[in-house]
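Engineer: I'd like to ask you about the structure that follows.
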Amino acid sequence: MKIAAFNMKNLGQKKVSDDKVVGYLVEIMSRYSIVVILEVMDKSGEAMKLLLEKLNSSRSNKKSPYGMICSEVLGRDTYKEKYVCFYRTEEVELKDSKQYADDQPGDEDAFAREPFILRFSCPSTAVTDIVLIPVHTQPVKAEKELDELFDVVQQVREEWKTDVSVSTHTHTYTRFQQCRRNFCNRIDI
């Protein structure tokens, strides 16, 4: 089983309607059992439904189709995005999902785009319970958001009694590399 997470940078109707782009997306996504996509610009959900349809109509996926789950529309002001997860329904079962409520007393609204928490059952793998937490941090607040993400991970570990994998996109700026290392050291991965 393979898991991937990608920032598709403004993935929406325009890109999904382009056969060449969709061909590449389907080819790449078909390599994985679970694919998380960040920065989806699709308020109506129609573009992702079309992508799911094209993904499942691919010859290689007809026998092992994908399911899909989308986060709420996230973001502040005019910038809005979703996180979308595609998963092979023959390999994994979506057990639970929730949008993180960013309302901790004294630290409300810490995330520009709240984490989306996904729990999968994977009966045919060594690790039978997988929790993914996609989050797309804001460059100017990545350090604060990663610090808050530690609390999210702890909350999920306590509630679901399982390990967690975090999929973050914090941009590639050098100053974030130490921040990411500090986060990984805190959650003990």
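Residue numbering restarts at 1 in every chain; chains get A, B, ... in the order shown in the structure tokens, and ligands count up from 1 in that same order.
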Could you go through chain A and tell me which residues DSSP, when run on the backbone, assigns to strand (DSSP E or B), listing them as a ChimeraX atom specification?
Structural biologist: /A:3-11,34-40,66-70,74,81-88,93-99,116-121,129-136,165-169
Engineer: Write the residues of the preceding selection, restricted to C-alpha atoms, as a compact mmCIF listing (two decimals), in the first residue's frame.
Structural biologist:
# COMPACT_ATOMS: atom_id res chain seq x y z
CA ILE A 3 0.09 6.83 0.42
CA ALA A 4 0.79 10.20 -1.18
CA ALA A 5 0.00 13.84 -0.51
CA PHE A 6 0.30 16.60 -3.09
CA ASN A 7 -0.26 20.32 -3.24
CA MET A 8 -1.96 20.66 -6.64
CA LYS A 9 -1.84 24.48 -6.61
CA ASN A 10 -5.30 25.76 -7.50
CA LEU A 11 -6.77 22.46 -8.64
CA ILE A 34 -4.58 6.81 -0.65
CA VAL A 35 -3.96 10.24 -2.20
CA VAL A 36 -4.46 13.49 -0.31
CA ILE A 37 -4.64 16.66 -2.38
CA LEU A 38 -4.16 20.11 -0.88
CA GLU A 39 -5.13 23.46 -2.39
CA VAL A 40 -8.27 22.33 -4.19
CA TYR A 66 -11.52 5.00 -5.64
CA GLY A 67 -13.80 6.67 -3.14
CA MET A 68 -13.44 10.32 -2.20
CA ILE A 69 -13.96 12.58 0.78
CA CYS A 70 -13.61 16.36 0.87
CA LEU A 74 -11.34 26.37 4.37
CA GLU A 81 -9.54 25.83 -0.56
CA LYS A 82 -10.39 22.24 0.32
CA TYR A 83 -8.42 19.13 1.11
CA VAL A 84 -9.57 16.11 -0.87
CA CYS A 85 -8.69 12.49 -0.21
CA PHE A 86 -9.07 9.72 -2.80
CA TYR A 87 -8.76 6.14 -1.55
CA ARG A 88 -9.08 2.67 -3.05
CA GLU A 93 -12.15 1.66 4.55
CA LEU A 94 -12.77 5.21 5.69
CA LYS A 95 -13.72 4.71 9.35
CA ASP A 96 -14.04 8.32 10.46
CA SER A 97 -13.30 11.88 9.46
CA LYS A 98 -13.64 15.27 11.02
CA GLN A 99 -12.71 18.85 10.45
CA PHE A 116 -8.76 17.57 8.21
CA ILE A 117 -8.55 14.34 10.20
CA LEU A 118 -9.05 11.02 8.41
CA ARG A 119 -9.04 7.52 9.89
CA PHE A 120 -8.73 4.44 7.70
CA SER A 121 -8.92 0.74 8.38
CA ASP A 129 -5.31 1.56 11.50
CA ILE A 130 -4.06 4.73 9.78
CA VAL A 131 -4.84 8.32 10.71
CA LEU A 132 -3.88 11.11 8.32
CA ILE A 133 -4.02 14.80 9.13
CA PRO A 134 -3.61 16.98 6.05
CA VAL A 135 -2.91 20.66 6.67
CA HIS A 136 -1.73 23.49 4.41
CA SER A 165 0.64 10.64 10.16
CA VAL A 166 0.68 14.34 9.38
CA SER A 167 0.76 15.64 5.81
CA THR A 168 1.82 19.27 5.83
CA HIS A 169 2.65 21.73 3.13
Engineer: Excluding same-chain residues fewer than 6 positions from Glu148 of chain A, what lies within 10 Å of it counting only C-alpha atoms, as a list in words?
Structural biologist: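 The residues satisfying every condition are Asp102, Gln104, Asp107, Ala110, Phe111, Ala142 and Phe183 of chain A.
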Engineer: Write the residues of the preceding selection, restricted to N, CA and C atoms, as a PDB file, in the first residue's frame.
Structural biologist:
ATOM      1  N   ASP A 102     -11.099  24.689  15.332  1.00  0.00           N
ATOM      2  CA  ASP A 102      -9.990  25.559  15.729  1.00  0.00           C
ATOM      3  C   ASP A 102     -10.464  26.576  16.761  1.00  0.00           C
ATOM      4  N   GLN A 104      -9.618  26.305  20.440  1.00  0.00           N
ATOM      5  CA  GLN A 104      -9.034  26.099  21.766  1.00  0.00           C
ATOM      6  C   GLN A 104      -9.038  27.412  22.533  1.00  0.00           C
ATOM      7  N   ASP A 107      -6.402  30.264  22.148  1.00  0.00           N
ATOM      8  CA  ASP A 107      -5.657  30.041  20.906  1.00  0.00           C
ATOM      9  C   ASP A 107      -6.625  29.823  19.742  1.00  0.00           C
ATOM     10  N   ALA A 110      -6.108  29.512  15.225  1.00  0.00           N
ATOM     11  CA  ALA A 110      -4.661  29.405  15.035  1.00  0.00           C
ATOM     12  C   ALA A 110      -4.306  29.017  13.601  1.00  0.00           C
ATOM     13  N   PHE A 111      -5.199  28.314  12.927  1.00  0.00           N
ATOM     14  CA  PHE A 111      -4.936  27.836  11.566  1.00  0.00           C
ATOM     15  C   PHE A 111      -5.641  28.712  10.533  1.00  0.00           C
ATOM     16  N   ALA A 142       3.519  29.605   9.693  1.00  0.00           N
ATOM     17  CA  ALA A 142       3.790  28.162   9.715  1.00  0.00           C
ATOM     18  C   ALA A 142       4.284  27.694  11.078  1.00  0.00           C
ATOM     19  N   PHE A 183       8.828  20.162  15.059  1.00  0.00           N
ATOM     20  CA  PHE A 183       7.508  19.545  15.149  1.00  0.00           C
ATOM     21  C   PHE A 183       7.639  18.028  15.166  1.00  0.00           C
TER      22      PHE A 183
END
Engineer: As a list of chain:residue names, please: the residues near Thr137 of chain A (cut-off 10 Å, only C-alpha atoms, same-chain neighbours under 2 positions excluded).
Structural biologist: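 After dropping sequence-adjacent residues, the list is A:Phe111, A:Ala112, A:Arg113, A:Glu114, A:Pro115, A:Pro134, A:Val135, A:Pro139, A:Val140, A:Lys141, A:Ala142, A:Glu143, A:Lys144, A:Glu145, A:Leu146, A:Leu149, A:Thr168, A:His169, A:Thr170, A:His171.
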Engineer: Choose the residue, out of A:Asp77, A:Ser124, A:Glu91, A:Val26, that has the smallest atom-to-atom separation from Ser57 of chain A; count only C-alpha atoms.
Structural biologist: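 Among the listed residues, the smallest separation from Ser57 of chain A belongs to A:Val26.
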Engineer: List every residue of segment 33-153 of chain A that DSSP, applied to the backbone of this structure, places in helix (DSSP H, G or I), and write the result as a PDB file with C-alpha atoms, in the first residue's frame.
Structural biologist:
ATOM      1  CA  GLU A  46     -18.161  19.366  -9.216  1.00  0.00           C
ATOM      2  CA  ALA A  47     -14.513  19.401 -10.336  1.00  0.00           C
ATOM      3  CA  MET A  48     -13.553  16.717  -7.813  1.00  0.00           C
ATOM      4  CA  LYS A  49     -16.556  14.582  -8.791  1.00  0.00           C
ATOM      5  CA  LEU A  50     -15.348  14.809 -12.396  1.00  0.00           C
ATOM      6  CA  LEU A  51     -11.788  13.902 -11.364  1.00  0.00           C
ATOM      7  CA  LEU A  52     -13.090  10.897  -9.408  1.00  0.00           C
ATOM      8  CA  GLU A  53     -15.126   9.804 -12.424  1.00  0.00           C
ATOM      9  CA  LYS A  54     -12.098  10.081 -14.730  1.00  0.00           C
ATOM     10  CA  LEU A  55      -9.880   8.308 -12.197  1.00  0.00           C
ATOM     11  CA  ASN A  56     -12.311   5.404 -11.869  1.00  0.00           C
ATOM     12  CA  SER A  57     -12.920   5.129 -15.614  1.00  0.00           C
ATOM     13  CA  ARG A  59      -8.585   0.962 -17.299  1.00  0.00           C
ATOM     14  CA  SER A  60      -6.161   0.353 -14.427  1.00  0.00           C
ATOM     15  CA  ASN A  61      -8.697   1.441 -11.789  1.00  0.00           C
ATOM     16  CA  PRO A 139       3.848  30.750   5.135  1.00  0.00           C
ATOM     17  CA  VAL A 140       3.882  33.672   7.564  1.00  0.00           C
ATOM     18  CA  LYS A 141       2.315  31.612  10.365  1.00  0.00           C
ATOM     19  CA  ALA A 142       3.790  28.162   9.715  1.00  0.00           C
ATOM     20  CA  GLU A 143       5.668  28.044  13.009  1.00  0.00           C
ATOM     21  CA  LYS A 144       2.566  28.879  15.053  1.00  0.00           C
ATOM     22  CA  GLU A 145       0.421  26.498  13.013  1.00  0.00           C
ATOM     23  CA  LEU A 146       2.887  23.618  13.417  1.00  0.00           C
ATOM     24  CA  ASP A 147       3.017  24.320  17.135  1.00  0.00           C
ATOM     25  CA  GLU A 148      -0.787  24.122  17.251  1.00  0.00           C
ATOM     26  CA  LEU A 149      -0.684  20.986  15.095  1.00  0.00           C
ATOM     27  CA  PHE A 150       1.142  19.249  17.926  1.00  0.00           C
ATOM     28  CA  ASP A 151      -1.990  19.760  20.049  1.00  0.00           C
ATOM     29  CA  VAL A 152      -4.153  18.361  17.244  1.00  0.00           C
ATOM     30  CA  VAL A 153      -1.991  15.225  17.024  1.00  0.00           C
TER      31      VAL A 153
END
Engineer: Return the single residue from A:Thr162, A:Ser30, A:Gln154, A:Gln13 that is closest to Met1 of chain A, with distances computed using only C-alpha atoms.
Structural biologist: A:Ser30
